[in-house]
$ cat final34.tsv   # TSV, C-alpha atoms
chain	number	residue	atom	x	y	z
A	268	ALA	CA	0.00	0.00	0.00
A	269	GLN	CA	1.15	3.52	-0.73
A	270	SER	CA	1.68	5.90	2.16
A	271	VAL	CA	3.26	9.24	2.98
A	272	THR	CA	4.85	10.03	6.32
A	273	GLN	CA	5.76	13.46	7.51
A	274	LEU	CA	8.01	12.78	10.41
A	275	ASP	CA	7.43	15.99	12.34
A	276	SER	CA	3.96	17.24	13.20
A	277	GLN	CA	5.31	20.58	14.39
A	278	VAL	CA	8.55	22.42	13.68
A	279	PRO	CA	9.32	25.61	15.58
A	280	VAL	CA	12.18	27.71	14.28
A	281	PHE	CA	13.54	31.22	14.68
A	282	GLU	CA	13.41	33.75	11.88
A	283	GLU	CA	16.33	33.58	9.43
A	284	ALA	CA	17.26	30.09	10.56
A	285	PRO	CA	17.32	27.18	8.09
A	286	VAL	CA	14.57	24.60	8.17
A	287	GLU	CA	13.98	21.09	6.85
A	288	LEU	CA	10.59	19.43	6.78
A	289	ARG	CA	10.87	15.71	6.30
A	290	CYS	CA	8.77	13.50	4.07
A	291	ASN	CA	9.09	9.80	3.35
A	292	TYR	CA	6.86	7.71	1.16
A	293	SER	CA	6.29	4.11	0.31
A	294	SER	CA	5.19	3.00	-3.11
A	295	SER	CA	5.64	-0.01	-5.33
A	296	VAL	CA	5.38	2.10	-8.47
A	297	SER	CA	6.87	5.29	-9.82
A	298	VAL	CA	5.65	8.51	-8.28
A	299	TYR	CA	5.30	12.21	-8.72
A	300	LEU	CA	6.00	14.22	-5.57
A	301	PHE	CA	4.59	17.52	-4.36
A	302	TRP	CA	4.81	19.93	-1.47
A	303	TYR	CA	1.85	22.16	-0.71
A	304	VAL	CA	1.46	24.98	1.80
A	305	GLN	CA	-1.78	25.83	3.56
A	306	TYR	CA	-2.38	29.08	5.40
A	307	PRO	CA	-5.21	29.19	7.98
A	308	ASN	CA	-8.68	28.82	6.48
A	309	GLN	CA	-7.31	28.65	2.96
A	310	GLY	CA	-6.84	25.99	0.32
A	311	LEU	CA	-3.55	24.44	-0.69
A	312	GLN	CA	-0.93	26.26	-2.71
A	313	LEU	CA	1.67	24.33	-4.65
A	314	LEU	CA	5.21	25.02	-3.47
A	315	LEU	CA	7.08	22.70	-5.78
A	316	LYS	CA	6.89	19.39	-7.59
A	317	TYR	CA	9.07	16.58	-8.81
A	318	LEU	CA	7.92	14.82	-11.96
A	319	SER	CA	11.20	13.70	-13.51
A	320	GLY	CA	14.71	14.92	-14.30
A	321	SER	CA	16.88	16.72	-11.76
A	322	THR	CA	16.32	15.45	-8.26
A	323	LEU	CA	16.79	18.91	-6.77
A	324	VAL	CA	13.66	20.91	-7.28
A	325	LYS	CA	13.29	24.61	-6.61
A	326	GLY	CA	9.94	26.12	-5.81
A	327	ILE	CA	8.33	29.36	-4.82
A	328	ASN	CA	9.21	31.47	-1.78
A	329	GLY	CA	12.79	30.19	-1.69
A	330	PHE	CA	11.89	26.58	-0.93
A	331	GLU	CA	13.59	23.59	-2.48
A	332	ALA	CA	13.32	19.83	-2.12
A	333	GLU	CA	15.44	16.86	-3.07
A	334	PHE	CA	14.06	13.58	-4.34
A	335	ASN	CA	16.03	10.64	-3.00
A	336	LYS	CA	14.80	7.47	-4.61
A	337	SER	CA	16.95	5.08	-2.59
A	338	GLN	CA	15.70	6.56	0.67
A	339	THR	CA	12.21	7.21	-0.69
A	340	SER	CA	12.35	10.73	0.68
A	341	PHE	CA	11.42	14.19	-0.52
A	342	HIS	CA	12.49	16.59	2.20
A	343	LEU	CA	11.65	20.28	1.95
A	344	ARG	CA	14.26	22.88	2.82
A	345	LYS	CA	14.68	26.62	3.08
A	346	PRO	CA	18.00	28.22	4.03
A	347	SER	CA	16.47	31.21	5.83
A	348	VAL	CA	12.84	31.37	6.93
A	349	HIS	CA	10.59	34.37	7.43
A	350	ILE	CA	7.71	34.99	9.77
A	351	SER	CA	5.42	34.76	6.75
A	352	ASP	CA	6.45	31.13	6.21
A	353	THR	CA	4.42	30.16	9.26
A	354	ALA	CA	1.84	27.73	7.87
A	355	GLU	CA	1.07	24.05	7.51
A	356	TYR	CA	2.98	22.10	4.90
A	357	PHE	CA	1.79	18.93	3.21
A	358	CYS	CA	3.82	16.42	1.28
A	359	ALA	CA	1.86	14.52	-1.34
A	360	VAL	CA	2.55	11.59	-3.62
A	361	TYR	CA	0.89	10.80	-6.93
A	362	HIS	CA	1.20	7.19	-7.95
A	363	LEU	CA	1.89	6.10	-11.51
A	364	ASN	CA	1.08	2.73	-12.94
A	365	ALA	CA	3.58	0.61	-14.87
A	366	GLY	CA	2.69	2.35	-18.10
A	367	GLY	CA	3.63	5.71	-16.62
A	368	THR	CA	0.11	7.02	-16.56
A	369	SER	CA	-1.41	7.97	-13.29
A	370	TYR	CA	-3.78	6.29	-10.92
A	371	GLY	CA	-5.30	9.71	-10.44
A	372	LYS	CA	-5.04	10.15	-6.67
A	373	LEU	CA	-2.86	12.18	-4.40
A	374	THR	CA	-1.90	10.67	-1.08
A	375	PHE	CA	-1.17	13.30	1.53
A	376	GLY	CA	1.06	13.20	4.54
A	377	GLN	CA	-0.27	14.23	7.90
A	378	GLY	CA	1.06	17.76	7.61
A	379	THR	CA	3.79	19.69	9.41
A	380	ILE	CA	3.03	22.94	11.13
A	381	LEU	CA	5.96	25.30	10.71
A	382	THR	CA	6.02	28.13	13.22
A	383	VAL	CA	8.59	30.85	12.72
A	384	HIS	CA	9.37	32.90	15.82
A	385	PRO	CA	10.88	36.39	15.74
B	244	GLY	CA	-2.84	30.07	-14.90
B	245	ALA	CA	-4.56	27.07	-13.30
B	246	VAL	CA	-6.88	28.90	-10.94
B	247	VAL	CA	-9.65	27.07	-9.12
B	248	SER	CA	-12.43	28.86	-7.30
B	249	GLN	CA	-14.97	27.65	-4.78
B	250	HIS	CA	-18.27	29.16	-3.77
B	251	PRO	CA	-19.32	29.89	-1.15
B	252	SER	CA	-16.21	30.33	0.97
B	253	ARG	CA	-18.23	30.00	4.14
B	254	VAL	CA	-21.75	28.73	4.80
B	255	ILE	CA	-23.86	28.16	7.88
B	256	CYS	CA	-26.98	26.04	7.57
B	257	LYS	CA	-29.54	24.43	9.81
B	258	SER	CA	-29.56	20.74	10.48
B	259	GLY	CA	-31.65	18.86	7.94
B	260	THR	CA	-31.14	21.26	5.06
B	261	SER	CA	-28.99	20.74	1.98
B	262	VAL	CA	-26.02	22.80	0.91
B	263	LYS	CA	-24.40	23.04	-2.51
B	264	ILE	CA	-20.75	23.94	-2.98
B	265	GLU	CA	-19.41	24.88	-6.41
B	266	CYS	CA	-15.91	24.28	-7.71
B	267	ARG	CA	-14.80	25.97	-10.91
B	268	SER	CA	-11.59	25.85	-12.94
B	269	LEU	CA	-11.32	29.40	-14.23
B	270	ASP	CA	-8.66	29.22	-16.90
B	271	PHE	CA	-8.31	25.59	-17.91
B	272	GLN	CA	-10.41	22.57	-18.66
B	273	ALA	CA	-10.42	20.11	-15.81
B	274	THR	CA	-10.95	16.55	-16.94
B	275	THR	CA	-10.94	15.39	-13.36
B	276	MET	CA	-12.04	17.09	-10.17
B	277	PHE	CA	-11.55	15.92	-6.63
B	278	TRP	CA	-13.39	16.66	-3.41
B	279	TYR	CA	-11.60	16.56	-0.09
B	280	ARG	CA	-12.66	17.02	3.48
B	281	GLN	CA	-10.33	18.38	6.11
B	282	PHE	CA	-10.97	18.02	9.82
B	283	PRO	CA	-9.36	20.45	12.27
B	284	LYS	CA	-5.63	19.87	12.61
B	285	LYS	CA	-5.86	16.94	10.20
B	286	SER	CA	-4.74	16.17	6.70
B	287	LEU	CA	-6.97	16.10	3.65
B	288	MET	CA	-9.24	13.13	3.19
B	289	LEU	CA	-10.24	12.35	-0.37
B	290	MET	CA	-14.01	11.94	-0.61
B	291	ALA	CA	-14.53	11.36	-4.30
B	292	THR	CA	-13.12	11.75	-7.77
B	293	SER	CA	-15.26	12.96	-10.62
B	294	ASN	CA	-14.76	13.02	-14.35
B	295	GLU	CA	-16.81	15.25	-16.61
B	296	GLY	CA	-19.96	13.56	-17.77
B	297	SER	CA	-19.64	10.44	-15.66
B	298	LYS	CA	-20.54	9.33	-12.17
B	299	ALA	CA	-18.21	10.17	-9.36
B	300	THR	CA	-16.05	7.51	-7.76
B	301	TYR	CA	-16.41	7.63	-4.00
B	302	GLU	CA	-13.80	6.57	-1.48
B	303	GLN	CA	-14.58	3.84	0.95
B	304	GLY	CA	-16.74	5.05	3.81
B	305	VAL	CA	-18.10	8.11	2.01
B	306	GLU	CA	-21.89	8.02	1.58
B	307	LYS	CA	-22.67	8.81	-2.03
B	308	ASP	CA	-26.31	9.53	-1.27
B	309	LYS	CA	-25.31	12.10	1.31
B	310	PHE	CA	-22.54	13.76	-0.65
B	311	LEU	CA	-23.87	14.21	-4.17
B	312	ILE	CA	-21.29	15.14	-6.76
B	313	ASN	CA	-22.07	16.44	-10.21
B	314	HIS	CA	-19.39	17.21	-12.79
B	315	ALA	CA	-21.54	18.90	-15.38
B	316	SER	CA	-18.83	20.44	-17.51
B	317	LEU	CA	-15.08	20.62	-17.89
B	318	THR	CA	-15.01	23.68	-15.66
B	319	LEU	CA	-17.62	22.99	-13.00
B	320	SER	CA	-18.19	20.38	-10.33
B	321	THR	CA	-20.65	20.64	-7.46
B	322	LEU	CA	-20.84	18.93	-4.10
B	323	THR	CA	-24.22	18.84	-2.40
B	324	VAL	CA	-24.36	17.87	1.24
B	325	THR	CA	-27.87	16.53	1.69
B	326	SER	CA	-29.76	16.58	4.98
B	327	ALA	CA	-26.78	18.09	6.71
B	328	HIS	CA	-26.03	17.33	10.33
B	329	PRO	CA	-23.61	18.98	12.76
B	330	GLU	CA	-21.09	16.18	12.21
B	331	ASP	CA	-20.90	17.25	8.55
B	332	SER	CA	-19.37	20.54	9.67
B	333	SER	CA	-15.93	20.69	8.14
B	334	PHE	CA	-13.65	22.38	5.65
B	335	TYR	CA	-14.33	21.10	2.13
B	336	ILE	CA	-11.70	21.59	-0.55
B	337	CYS	CA	-11.90	20.80	-4.24
B	338	SER	CA	-9.12	20.38	-6.73
B	339	ALA	CA	-8.88	20.00	-10.46
B	340	SER	CA	-6.41	18.40	-12.80
B	341	ARG	CA	-5.72	18.41	-16.49
B	342	GLU	CA	-5.68	15.17	-18.43
B	343	GLY	CA	-2.42	13.27	-18.14
B	344	ARG	CA	-0.93	15.57	-15.57
B	345	GLY	CA	-0.33	14.51	-11.99
B	346	GLU	CA	-0.64	17.98	-10.57
B	347	GLN	CA	-3.84	19.09	-8.87
B	348	TYR	CA	-4.84	22.71	-8.46
B	349	PHE	CA	-6.73	23.44	-5.28
B	350	GLY	CA	-9.61	25.74	-4.56
B	351	PRO	CA	-9.60	28.01	-1.50
B	352	GLY	CA	-11.97	25.78	0.43
B	353	THR	CA	-15.46	26.11	1.88
B	354	ARG	CA	-16.10	26.19	5.61
B	355	LEU	CA	-19.41	24.47	6.33
B	356	THR	CA	-21.03	24.87	9.73
B	357	VAL	CA	-24.23	22.97	10.46
B	358	THR	CA	-26.18	24.22	13.48
$ encode --input "final34.tsv" --output "structure tokens"
Amino acid sequence: AQSVTQLDSQVPVFEEAPVELRCNYSSSVSVYLFWYVQYPNQGLQLLLKYLSGSTLVKGINGFEAEFNKSQTSFHLRKPSVHISDTAEYFCAVYHLNAGGTSYGKLTFGQGTILTVHP
Amino acid sequence: GAVVSQHPSRVICKSGTSVKIECRSLDFQATTMFWYRQFPKKSLMLMATSNEGSKATYEQGVEKDKFLINHASLTLSTLTVTSAHPEDSSFYICSASREGRGEQYFGPGTRLTVT
């Protein structure tokens, strides 16, 4: 069965410090990988995605993530966070069948609440 | 591009009434739309997947007679919560995807409160 695990439910950090939000997945097929951010009472905004090619993916707001196939991980990083980065972050996996077409569902992790303190 | 809207953003209704939530893809044709439910401090739970012109596929445990989904066109899907009860109160989020693409574009969500 496919699953997504975000290892930290909450990550507090001081402003301008680096941060890493961890995501591991399990899947028996190829995947696409996504990170979304959700601000209070809002929908999800795509931060970045990995579909193929370079394993280091850069997204919006200075975030980046690295796909590590051997470790089945897709950790999100930012070298220097701002107060405005305080939000909940979701890792999501989209499963592909053997033909490379999709199953059509996103599986979400449990979410990580990032709190940036001044 | 790839903007998805939801209406209303917030709705309060009395127990026993029905509520319709609209999800629209504003600048692209969405071959597939998804409806999620999010409980407080929880992740998104997929309720159903709908393709234009066909019946929705519901996830296990989701009552299709209670949560009616209609995907009338390539830009509009609706979720109707029938005979709503307080336990149906939640944050409902839709998303839309283009054919052959894994990426989903999310709406801003609808906060439903049933009194």
$ closest_residue --input "final34.tsv" --among "B:Ser326, B:Ser286, B:Ser258, B:Ser252" --to "chain A" --atoms "all atoms listed in the file"
B:Ser286
$ residues_around --input "final34.tsv" --residues "Cys256 of chain B" --least-positions-apart "6" --cutoff "10 Å" --atoms "all atoms listed in the file" --output "PDB file with C-alpha atoms, in the coordinates of the input"
ATOM      1  CA  VAL B 262     -26.020  22.800   0.910  1.00  0.00           C
ATOM      2  CA  ALA B 327     -26.780  18.090   6.710  1.00  0.00           C
ATOM      3  CA  HIS B 328     -26.030  17.330  10.330  1.00  0.00           C
ATOM      4  CA  PRO B 329     -23.610  18.980  12.760  1.00  0.00           C
ATOM      5  CA  SER B 332     -19.370  20.540   9.670  1.00  0.00           C
ATOM      6  CA  LEU B 355     -19.410  24.470   6.330  1.00  0.00           C
ATOM      7  CA  THR B 356     -21.030  24.870   9.730  1.00  0.00           C
ATOM      8  CA  VAL B 357     -24.230  22.970  10.460  1.00  0.00           C
ATOM      9  CA  THR B 358     -26.180  24.220  13.480  1.00  0.00           C
TER      10      THR B 358
END
$ closest_residue --input "final34.tsv" --among "A:Leu288, A:Leu274, A:Leu313, A:Ala359" --to "Leu373 of chain A" --atoms "only C-alpha atoms"
A:Ala359
$ closest_residue --input "final34.tsv" --among "B:Val324, B:Leu289, B:Ile312, B:Leu317" --to "chain A" --atoms "all atoms listed in the file"
B:Leu289
$ residues_around --input "final34.tsv" --residues "Ile350 of chain A" --least-positions-apart "2" --cutoff "6 Å" --atoms "only C-alpha atoms" --output "JSON, numbers by chain"
{"A": [352, 353, 383]}
$ write_last_selection --input "final34.tsv" --atoms "C-alpha atoms" --output "PDB file, in the coordinates of the input"
ATOM      1  CA  ASP A 352       6.450  31.130   6.210  1.00  0.00           C
ATOM      2  CA  THR A 353       4.420  30.160   9.260  1.00  0.00           C
ATOM      3  CA  VAL A 383       8.590  30.850  12.720  1.00  0.00           C
TER       4      VAL A 383
END
$ residues_around --input "final34.tsv" --residues "Gly296 of chain B" --least-positions-apart "3" --cutoff "9 Å" --atoms "only C-alpha atoms" --output "list in words"
Ser293, Asn313, His314, Ala315, Ser316 and Leu317 of chain B
$ write_last_selection --input "final34.tsv" --atoms "C-alpha atoms" --output "PDB file, in the coordinates of the input"
ATOM      1  CA  SER B 293     -15.260  12.960 -10.620  1.00  0.00           C
ATOM      2  CA  ASN B 313     -22.070  16.440 -10.210  1.00  0.00           C
ATOM      3  CA  HIS B 314     -19.390  17.210 -12.790  1.00  0.00           C
ATOM      4  CA  ALA B 315     -21.540  18.900 -15.380  1.00  0.00           C
ATOM      5  CA  SER B 316     -18.830  20.440 -17.510  1.00  0.00           C
ATOM      6  CA  LEU B 317     -15.080  20.620 -17.890  1.00  0.00           C
TER       7      LEU B 317
END
$ closest_residue --input "final34.tsv" --among "A:Thr339, A:Gln269, A:Ser347, A:Gln377" --to "Ala284 of chain A" --atoms "all atoms listed in the file"
A:Ser347
$ residues_around --input "final34.tsv" --residues "Gln277 of chain A" --least-positions-apart "6" --cutoff "7 Å" --atoms "all atoms listed in the file" --output "PDB file with C-alpha atoms, in the coordinates of the input"
ATOM      1  CA  THR A 379       3.790  19.690   9.410  1.00  0.00           C
ATOM      2  CA  ILE A 380       3.030  22.940  11.130  1.00  0.00           C
ATOM      3  CA  LEU A 381       5.960  25.300  10.710  1.00  0.00           C
TER       4      LEU A 381
END
$ closest_residue --input "final34.tsv" --among "B:Val254, B:Ala273, B:Leu311, B:Cys266" --to "Met290 of chain B" --atoms "all atoms listed in the file"
B:Leu311
$ residues_around --input "final34.tsv" --residues "Gly304 of chain B" --least-positions-apart "4" --cutoff "12 Å" --atoms "only C-alpha atoms" --output "list in words"
Met288, Leu289, Met290, Ala291, Thr300, Asp308, Lys309 and Phe310 of chain B
$ closest_atom_pairs --input "final34.tsv" --of "chain A" --to "chain B" --cutoff "9 Å" --atoms "only C-alpha atoms" --output "Markdown table"
| residue | atom | partner | partner_atom | distance |
| --- | --- | --- | --- | --- |
| A:Tyr299 | CA | B:Gly345 | CA | 6.9 |
| A:Phe301 | CA | B:Glu346 | CA | 8.1 |
| A:Asn308 | CA | B:Gly352 | CA | 7.5 |
| A:Gln309 | CA | B:Pro351 | CA | 5.1 |
| A:Gly310 | CA | B:Pro351 | CA | 3.9 |
| A:Leu311 | CA | B:Phe349 | CA | 5.7 |
| A:Gln312 | CA | B:Phe349 | CA | 6.9 |
| A:Leu313 | CA | B:Tyr348 | CA | 7.7 |
| A:Lys316 | CA | B:Glu346 | CA | 8.2 |
| A:Leu318 | CA | B:Gly345 | CA | 8.3 |
| A:Phe357 | CA | B:Ser286 | CA | 7.9 |
| A:Tyr361 | CA | B:Gly345 | CA | 6.4 |
| A:His362 | CA | B:Gly345 | CA | 8.5 |
| A:Leu363 | CA | B:Gly345 | CA | 8.7 |
| A:Thr368 | CA | B:Gly343 | CA | 6.9 |
| A:Ser369 | CA | B:Gly345 | CA | 6.8 |
| A:Tyr370 | CA | B:Gly345 | CA | 9.0 |
| A:Gly371 | CA | B:Gly345 | CA | 7.1 |
| A:Lys372 | CA | B:Thr292 | CA | 8.3 |
| A:Leu373 | CA | B:Gln347 | CA | 8.3 |
| A:Thr374 | CA | B:Leu289 | CA | 8.5 |
| A:Phe375 | CA | B:Leu287 | CA | 6.8 |
| A:Gly376 | CA | B:Ser286 | CA | 6.9 |
| A:Gln377 | CA | B:Ser286 | CA | 5.0 |
| A:Gly378 | CA | B:Ser286 | CA | 6.1 |
$ atom_distance --input "final34.tsv" --atom1 "atom CA of Ser333 of chain B" --atom2 "atom CA of Ser270 of chain A"
23.8 Å
$ closest_residue --input "final34.tsv" --among "A:Thr382, A:Val324, A:Ala354, A:Glu331" --to "Pro307 of chain A" --atoms "all atoms listed in the file"
A:Ala354
$ axis_aligned_box --input "final34.tsv" --around "segment 294-309 of chain B" --padding-each-side "6 Å" --output "AutoDock Vina command-line options"
--center_x -20.1 --center_y 9.5 --center_z -7.0 --size_x 24.5 --size_y 23.4 --size_z 33.6
$ atom_distance --input "final34.tsv" --atom1 "atom CA of Leu322 of chain B" --atom2 "atom CA of Ile264 of chain B"
5.1 Å
$ atom_distance --input "final34.tsv" --atom1 "atom CA of Leu319 of chain B" --atom2 "atom CA of Gln305 of chain A"
23.1 Å
$ residues_near_point --input "final34.tsv" --point "(14.0, 25.6, 7.3)" --cutoff "8 Å" --atoms "all atoms listed in the file" --output "ChimeraX atom specification"
/A:280,284-288,343-348
$ build_atoms --input "final34.tsv" --residues "segment 321-345 of chain A" --atoms "N, CA and C atoms" --output "short mmCIF file (atom, residue, chain, number, x, y, z; two decimals), in the frame of the given file"
data_model
loop_
_atom_site.label_atom_id
_atom_site.label_comp_id
_atom_site.auth_asym_id
_atom_site.auth_seq_id
_atom_site.Cartn_x
_atom_site.Cartn_y
_atom_site.Cartn_z
N SER A 321 16.02 16.37 -12.91
CA SER A 321 16.88 16.72 -11.76
C SER A 321 16.18 16.43 -10.45
N THR A 322 16.92 15.82 -9.54
CA THR A 322 16.32 15.45 -8.26
C THR A 322 16.21 16.63 -7.31
N LEU A 323 16.90 17.71 -7.60
CA LEU A 323 16.79 18.91 -6.77
C LEU A 323 15.79 19.85 -7.44
N VAL A 324 14.74 20.12 -6.72
CA VAL A 324 13.66 20.91 -7.28
C VAL A 324 13.54 22.23 -6.52
N LYS A 325 13.47 23.30 -7.25
CA LYS A 325 13.29 24.61 -6.61
C LYS A 325 11.85 25.07 -6.80
N GLY A 326 11.32 25.68 -5.74
CA GLY A 326 9.94 26.12 -5.81
C GLY A 326 9.80 27.59 -5.50
N ILE A 327 8.59 27.95 -5.12
CA ILE A 327 8.33 29.36 -4.82
C ILE A 327 8.78 29.69 -3.40
N ASN A 328 8.88 30.97 -3.13
CA ASN A 328 9.21 31.47 -1.78
C ASN A 328 10.53 30.95 -1.24
N GLY A 329 11.45 30.59 -2.11
CA GLY A 329 12.79 30.19 -1.69
C GLY A 329 12.91 28.76 -1.20
N PHE A 330 11.85 27.98 -1.35
CA PHE A 330 11.89 26.58 -0.93
C PHE A 330 12.50 25.69 -2.01
N GLU A 331 13.10 24.60 -1.58
CA GLU A 331 13.59 23.59 -2.48
C GLU A 331 13.42 22.22 -1.83
N ALA A 332 13.44 21.19 -2.64
CA ALA A 332 13.32 19.83 -2.12
C ALA A 332 14.16 18.91 -2.97
N GLU A 333 14.62 17.83 -2.36
CA GLU A 333 15.44 16.86 -3.07
C GLU A 333 14.79 15.49 -3.04
N PHE A 334 14.62 14.92 -4.21
CA PHE A 334 14.06 13.58 -4.34
C PHE A 334 15.20 12.57 -4.17
N ASN A 335 15.05 11.68 -3.22
CA ASN A 335 16.03 10.64 -3.00
C ASN A 335 15.33 9.30 -3.16
N LYS A 336 15.55 8.69 -4.31
CA LYS A 336 14.80 7.47 -4.61
C LYS A 336 15.21 6.32 -3.70
N SER A 337 16.48 6.20 -3.41
CA SER A 337 16.95 5.08 -2.59
C SER A 337 16.40 5.17 -1.16
N GLN A 338 16.24 6.38 -0.67
CA GLN A 338 15.70 6.56 0.67
C GLN A 338 14.21 6.86 0.66
N THR A 339 13.63 6.87 -0.50
CA THR A 339 12.21 7.21 -0.69
C THR A 339 11.84 8.44 0.13
N SER A 340 12.61 9.50 -0.08
CA SER A 340 12.35 10.73 0.68
C SER A 340 12.23 11.91 -0.27
N PHE A 341 11.59 12.95 0.24
CA PHE A 341 11.42 14.19 -0.52
C PHE A 341 11.34 15.32 0.50
N HIS A 342 12.46 15.60 1.12
CA HIS A 342 12.49 16.59 2.20
C HIS A 342 12.49 18.02 1.65
N LEU A 343 11.79 18.87 2.34
CA LEU A 343 11.65 20.28 1.95
C LEU A 343 12.62 21.12 2.77
N ARG A 344 13.29 22.07 2.10
CA ARG A 344 14.26 22.88 2.82
C ARG A 344 14.13 24.35 2.43
N LYS A 345 14.53 25.19 3.38
CA LYS A 345 14.68 26.62 3.08
C LYS A 345 15.84 27.12 3.91
#
